[in-house]
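Down below is the structure, laid out as structure tokens.
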Amino acid sequence: MGFISKKWRATVIVIAAICGGGFILEHFIGFNPVSEAVNTVATPVKSGFSYIAHSLETARDFIWEMRAYKADNERLEAEIIKLKRENRDASEYKEENERLIKLLELKESVSDRETVAAKVVSHSQNNWYQQIEINKGSLSGISEGAAVITPDGVVGSITKVGANYSIVTTILDPSSVMGIKIARTDGTGLCEGDEELAGNAQCKLSFVDRNTPVIVGDVVISSGSGGIYPAGLNIGTVISVSADRTGALNFALIDPAVDFDLLREVLVIL
Amino acid sequence: MRVVKLTLWIAILYILQTVFCGVISVNGTVADLMLVFCLAYAFMERSVSSAALVIIICSVLNGSAVGRIFPVVTAVTAFGGIVSYSFYNYLRFIPSFLRFLIVLIPVSFVMSVIETIIAYRGIENVLAIAIPYIIYTAAASAIIYPLLYKTMFKNDESKRFIIQERN
């Protein structure tokens with residue numbers, strides 16, 4: 001064992017003396033001369049470095065705090081996104097609730113006829129909402145020719161029925177014809193879809209009774225003739241009138257009361 | 001030159017450990033740099049006089065840094081240094097740094113246990129204090145050991161090799 005040499009023995013004795021002496025002096029007189037001497041010499045040197053140490057510590061704390069702030073910021077941003085999403089959902093639920101309340105009121109207003117509420121699944125892609133698909137079909141009792149309405153007014157009629165879906169041809173479609181009445185005058189006529197007008201979501205008013213004048217702003221309602229649509233349902237408003245030289249009406253344009261872009265729920269009258 | 005280097009090493013580590021402890025602490029744990037240096041130097045130094053002197057200086061400085069438990073810290077540091085010096089000749093097939101860790105880890109464990117028992121007057125939190133202390137001290141040794149070797153012992157090894165070649 002090389003370390004039990006004379007030099008090592010001396011080293012051990014020195015250390016034992018330092019430790020033992022330090023312990024005894026510390027214990028009995030509360031003063032350790034070796035430790036005191038080292039600290040007396042080292043303290044001025046240490047105090048010189050303490051300013052740098054404090055600066056570094058401050059810088060380190062600042063960096064740590066920045067990381068904490070960053071984490072807080074990320075957490076708050078995530079919370080904002082979550083709250084925005086919740087707020088958006090709440091707004092959607094509110095709108096849906098309002099629509100459904102209106103639909104319920106409409107359902108109650110046509111209590112003499114059986115009705116089925118349905119959701120709009122899709123709009124036809126290429127022909128400006130001339131056809132829409134709803135999520136109820138023959139299983140719900142829907143059959144071809146049934147009228148489709150919303151609280152705003154008439155949408156159209158069922159032209160194709162599947163088990164769990166139906167196709168609604170709107171009043172904008174060129175094949176659509178329905179009997180109408182001018183609410184102001186009780187004059188009758190026909191509301192027809194038109195290929196060109198469908199692009200602007202408008203339809204045509206024709207065959208109006210010659211004795212009853214039509215003016216812009218007249219409200220057009222269903223006449224009930226034909227048996228598909230109940231009488232008195234809102235169809236739209238006259239937005240322009242075209243007359244010949246004698247003043248006889250050629251045709252008028254109707255702006256439908258239903259906004260086909262925003263259709264979400266409809267009521268099918270069975 | 002060697003004395004200057006040695007003085008610089010001891011001064012820098014002492015200042016780092018005593019003044020910059022707040023900066024180098026990780027979750028309140030500070031590596032025992034003087035202990036690492038003392039053991040590493042004793043491990044690499046083959047001159048008994050030089051190793052003994054460094055062990056005494058480092059032990060006293062380390063003990064002074066902690067104050068109240070001066071005798072204990074001084075004794076453990078010195079004991080660790082002496083063991084480290086002697087351990088150099090054992091298990092030579094293991095790389096030298098790993099051999100050094102074999103000495104450092106138990107010594108730092110003993111140091112942390114004794115410090116905890118004396119300072120906190122209990123052994124409940126010994127492992128919670130000892131484990132981070134040992135890991136951090138071992139991590140510090142991974143920096144100090146190769147640097148110390150490069151700055152103070154690499155040339156000696158080369159000279160020794162040349163002398164052996166000449167003989």
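In the structure tokens, chains take the letters A, B, ... in the order shown, each chain's residues start at 1, and ligands count up from 1 in the order shown.
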| field | chain A contacts on chain B, only C-alpha atoms, 7 Å, as a PyMOL selection string | value | chain B and resi 15+19-20+22-23+48-49+52+56+64+71+74-75+86
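Every protein, DNA or RNA residue with an atom at most 10 Å from Val219 in chain A, where only C-alpha atoms count and chain neighbours fewer than 4 positions away do not, is listed here: Lys181, Ile182, Ala183, Arg184, Thr185, Val214, Ile215, Asn234, Ile235, Gly236, Thr237, Val238, Ile239, Ile254, Asp255, Pro256 and Ala257 of chain A.
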| Polymer residues at most 8 Å from Ile105 in chain B, only C-alpha atoms, same-chain spacing of 4 or more positions, as a PyMOL selection string | chain B and resi 101+109+134+138
Only N, CA and C atoms, please: the residues just picked out, written as an mmCIF file, in the first residue's frame.
```
data_model
loop_
_atom_site.group_PDB
_atom_site.id
_atom_site.type_symbol
_atom_site.label_atom_id
_atom_site.label_comp_id
_atom_site.auth_asym_id
_atom_site.auth_seq_id
_atom_site.Cartn_x
_atom_site.Cartn_y
_atom_site.Cartn_z
ATOM 1 N N LEU B 101 -14.409 7.791 -11.240
ATOM 2 C CA LEU B 101 -15.801 7.855 -10.785
ATOM 3 C C LEU B 101 -16.088 6.824 -9.696
ATOM 4 N N PHE B 109 -21.124 10.389 -1.909
ATOM 5 C CA PHE B 109 -22.285 9.850 -1.169
ATOM 6 C C PHE B 109 -22.058 9.992 0.339
ATOM 7 N N ILE B 134 -24.895 13.778 -5.916
ATOM 8 C CA ILE B 134 -23.924 12.852 -6.530
ATOM 9 C C ILE B 134 -23.955 12.987 -8.056
ATOM 10 N N ALA B 138 -20.847 14.262 -10.182
ATOM 11 C CA ALA B 138 -20.274 13.385 -11.214
ATOM 12 C C ALA B 138 -20.286 14.079 -12.580
#
```
| Please, which residues of chain B, numbered as in this document, come out helix (DSSP H, G or I) from DSSP, as a PyMOL selection string? | chain B and resi 2-18+21-24+33-44+48-66+70-87+96-120+126-166
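What separates CA of Ser157 in chain A from CA of Glu133 in chain A is a distance of 11.3 Å.
For the pair CA of Pro146 in chain B and CA of Val60 in chain B, the separation is 24.1 Å.
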| query | Which residue out of A:Leu100, A:Ile221, A:Ala71, A:Ala90 has the minimum interatomic distance to Arg264 in chain A when only C-alpha atoms are used? | reply | A:Leu100
Would you mind listing what lies within 9 Å of Thr137 in chain B as an mmCIF file with all heavy atoms, in the first residue's frame, with only C-alpha atoms counted and same-chain residues fewer than 2 positions away left out?
```
data_model
loop_
_atom_site.group_PDB
_atom_site.id
_atom_site.type_symbol
_atom_site.label_atom_id
_atom_site.label_comp_id
_atom_site.auth_asym_id
_atom_site.auth_seq_id
_atom_site.Cartn_x
_atom_site.Cartn_y
_atom_site.Cartn_z
ATOM 1 N N VAL B 30 -25.767 22.126 -5.506
ATOM 2 C CA VAL B 30 -24.510 22.644 -6.040
ATOM 3 C C VAL B 30 -23.488 21.504 -6.059
ATOM 4 O O VAL B 30 -23.347 20.779 -5.067
ATOM 5 C CB VAL B 30 -23.974 23.802 -5.162
ATOM 6 C CG1 VAL B 30 -22.706 24.388 -5.747
ATOM 7 C CG2 VAL B 30 -25.027 24.886 -5.028
ATOM 8 N N ALA B 31 -22.805 21.361 -7.187
ATOM 9 C CA ALA B 31 -21.776 20.310 -7.290
ATOM 10 C C ALA B 31 -20.598 20.678 -6.396
ATOM 11 O O ALA B 31 -20.264 21.854 -6.245
ATOM 12 C CB ALA B 31 -21.316 20.189 -8.730
ATOM 13 N N ASP B 32 -19.978 19.662 -5.805
ATOM 14 C CA ASP B 32 -18.830 19.912 -4.934
ATOM 15 C C ASP B 32 -17.564 19.955 -5.795
ATOM 16 O O ASP B 32 -16.870 18.956 -5.985
ATOM 17 C CB ASP B 32 -18.743 18.810 -3.876
ATOM 18 C CG ASP B 32 -17.922 19.251 -2.680
ATOM 19 O OD1 ASP B 32 -17.063 20.128 -2.861
ATOM 20 O OD2 ASP B 32 -18.156 18.731 -1.585
ATOM 21 N N LEU B 33 -17.278 21.137 -6.325
ATOM 22 C CA LEU B 33 -16.174 21.280 -7.286
ATOM 23 C C LEU B 33 -14.811 21.050 -6.631
ATOM 24 O O LEU B 33 -13.913 20.464 -7.241
ATOM 25 C CB LEU B 33 -16.222 22.672 -7.925
ATOM 26 C CG LEU B 33 -17.527 23.054 -8.627
ATOM 27 C CD1 LEU B 33 -17.426 24.456 -9.205
ATOM 28 C CD2 LEU B 33 -17.866 22.070 -9.729
ATOM 29 N N LEU B 35 -14.173 19.125 -4.115
ATOM 30 C CA LEU B 35 -14.033 17.682 -3.890
ATOM 31 C C LEU B 35 -13.604 16.993 -5.192
ATOM 32 O O LEU B 35 -12.682 16.166 -5.201
ATOM 33 C CB LEU B 35 -15.361 17.087 -3.394
ATOM 34 C CG LEU B 35 -15.349 15.590 -3.125
ATOM 35 C CD1 LEU B 35 -14.586 15.289 -1.845
ATOM 36 C CD2 LEU B 35 -16.772 15.035 -3.017
ATOM 37 N N VAL B 36 -14.249 17.379 -6.281
ATOM 38 C CA VAL B 36 -13.919 16.795 -7.588
ATOM 39 C C VAL B 36 -12.462 17.088 -7.928
ATOM 40 O O VAL B 36 -11.707 16.192 -8.330
ATOM 41 C CB VAL B 36 -14.856 17.349 -8.689
ATOM 42 C CG1 VAL B 36 -14.390 16.898 -10.072
ATOM 43 C CG2 VAL B 36 -16.290 16.915 -8.464
ATOM 44 N N LEU B 104 -15.015 8.679 -6.757
ATOM 45 C CA LEU B 104 -15.756 9.931 -6.512
ATOM 46 C C LEU B 104 -17.176 9.679 -5.996
ATOM 47 O O LEU B 104 -17.623 10.348 -5.053
ATOM 48 C CB LEU B 104 -15.805 10.755 -7.810
ATOM 49 C CG LEU B 104 -16.602 12.059 -7.714
ATOM 50 C CD1 LEU B 104 -15.882 13.075 -6.836
ATOM 51 C CD2 LEU B 104 -16.866 12.655 -9.091
ATOM 52 N N ILE B 105 -17.876 8.742 -6.613
ATOM 53 C CA ILE B 105 -19.299 8.548 -6.264
ATOM 54 C C ILE B 105 -19.477 8.112 -4.802
ATOM 55 O O ILE B 105 -20.260 8.733 -4.076
ATOM 56 C CB ILE B 105 -19.975 7.588 -7.276
ATOM 57 C CG1 ILE B 105 -20.126 8.328 -8.618
ATOM 58 C CG2 ILE B 105 -21.342 7.130 -6.783
ATOM 59 C CD1 ILE B 105 -20.543 7.474 -9.775
ATOM 60 N N SER B 108 -18.570 11.126 -2.551
ATOM 61 C CA SER B 108 -19.602 12.176 -2.537
ATOM 62 C C SER B 108 -20.868 11.688 -1.832
ATOM 63 O O SER B 108 -21.568 12.474 -1.199
ATOM 64 C CB SER B 108 -19.908 12.705 -3.937
ATOM 65 O OG SER B 108 -20.055 11.681 -4.836
ATOM 66 N N PRO B 132 -29.295 13.835 -6.183
ATOM 67 C CA PRO B 132 -28.982 14.948 -7.089
ATOM 68 C C PRO B 132 -27.559 15.474 -6.901
ATOM 69 O O PRO B 132 -26.880 15.820 -7.866
ATOM 70 C CB PRO B 132 -30.003 16.027 -6.708
ATOM 71 C CG PRO B 132 -31.024 15.373 -5.881
ATOM 72 C CD PRO B 132 -30.421 14.156 -5.303
ATOM 73 N N TYR B 133 -27.118 15.477 -5.627
ATOM 74 C CA TYR B 133 -25.762 15.964 -5.329
ATOM 75 C C TYR B 133 -24.711 15.096 -6.020
ATOM 76 O O TYR B 133 -23.775 15.592 -6.645
ATOM 77 C CB TYR B 133 -25.587 15.965 -3.802
ATOM 78 C CG TYR B 133 -24.184 16.221 -3.322
ATOM 79 C CD1 TYR B 133 -23.660 17.508 -3.256
ATOM 80 C CD2 TYR B 133 -23.372 15.165 -2.910
ATOM 81 C CE1 TYR B 133 -22.367 17.735 -2.798
ATOM 82 C CE2 TYR B 133 -22.086 15.378 -2.451
ATOM 83 C CZ TYR B 133 -21.587 16.664 -2.401
ATOM 84 O OH TYR B 133 -20.311 16.874 -1.957
ATOM 85 N N ILE B 134 -24.895 13.778 -5.916
ATOM 86 C CA ILE B 134 -23.924 12.852 -6.530
ATOM 87 C C ILE B 134 -23.955 12.987 -8.056
ATOM 88 O O ILE B 134 -22.902 13.069 -8.707
ATOM 89 C CB ILE B 134 -24.230 11.393 -6.114
ATOM 90 C CG1 ILE B 134 -23.978 11.220 -4.620
ATOM 91 C CG2 ILE B 134 -23.395 10.405 -6.909
ATOM 92 C CD1 ILE B 134 -24.539 9.933 -4.043
ATOM 93 N N ILE B 135 -25.155 13.050 -8.610
ATOM 94 C CA ILE B 135 -25.273 13.149 -10.082
ATOM 95 C C ILE B 135 -24.623 14.445 -10.585
ATOM 96 O O ILE B 135 -23.848 14.436 -11.540
ATOM 97 C CB ILE B 135 -26.769 13.094 -10.504
ATOM 98 C CG1 ILE B 135 -27.332 11.694 -10.249
ATOM 99 C CG2 ILE B 135 -26.935 13.465 -11.987
ATOM 100 C CD1 ILE B 135 -28.831 11.583 -10.411
ATOM 101 N N ALA B 139 -21.367 14.825 -12.850
ATOM 102 C CA ALA B 139 -21.449 15.557 -14.125
ATOM 103 C C ALA B 139 -20.368 16.633 -14.190
ATOM 104 O O ALA B 139 -19.724 16.830 -15.236
ATOM 105 C CB ALA B 139 -22.837 16.176 -14.274
ATOM 106 N N ALA B 140 -20.148 17.311 -13.060
ATOM 107 C CA ALA B 140 -19.092 18.342 -13.025
ATOM 108 C C ALA B 140 -17.727 17.709 -13.237
ATOM 109 O O ALA B 140 -16.847 18.293 -13.887
ATOM 110 C CB ALA B 140 -19.141 19.076 -11.685
ATOM 111 N N SER B 141 -17.552 16.496 -12.719
ATOM 112 C CA SER B 141 -16.258 15.819 -12.881
ATOM 113 C C SER B 141 -15.984 15.483 -14.347
ATOM 114 O O SER B 141 -14.834 15.421 -14.764
ATOM 115 C CB SER B 141 -16.215 14.554 -12.029
ATOM 116 O OG SER B 141 -16.994 13.546 -12.628
ATOM 117 N N ALA B 142 -17.061 15.269 -15.116
ATOM 118 C CA ALA B 142 -16.889 14.970 -16.549
ATOM 119 C C ALA B 142 -16.290 16.169 -17.285
ATOM 120 O O ALA B 142 -15.719 16.023 -18.366
ATOM 121 C CB ALA B 142 -18.231 14.588 -17.170
#
```
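By chain and then residue number, the residues within 12 Å of Val126 in chain B are Phe109, Val110, Met111, Ser112, Val113, Ile114, Glu115, Thr116, Ile117, Ile118, Ala119, Tyr120, Arg121, Ile131, Pro132, Tyr133 and Ile134 of chain B, counting only C-alpha atoms and disregarding those fewer than 5 positions away in sequence.
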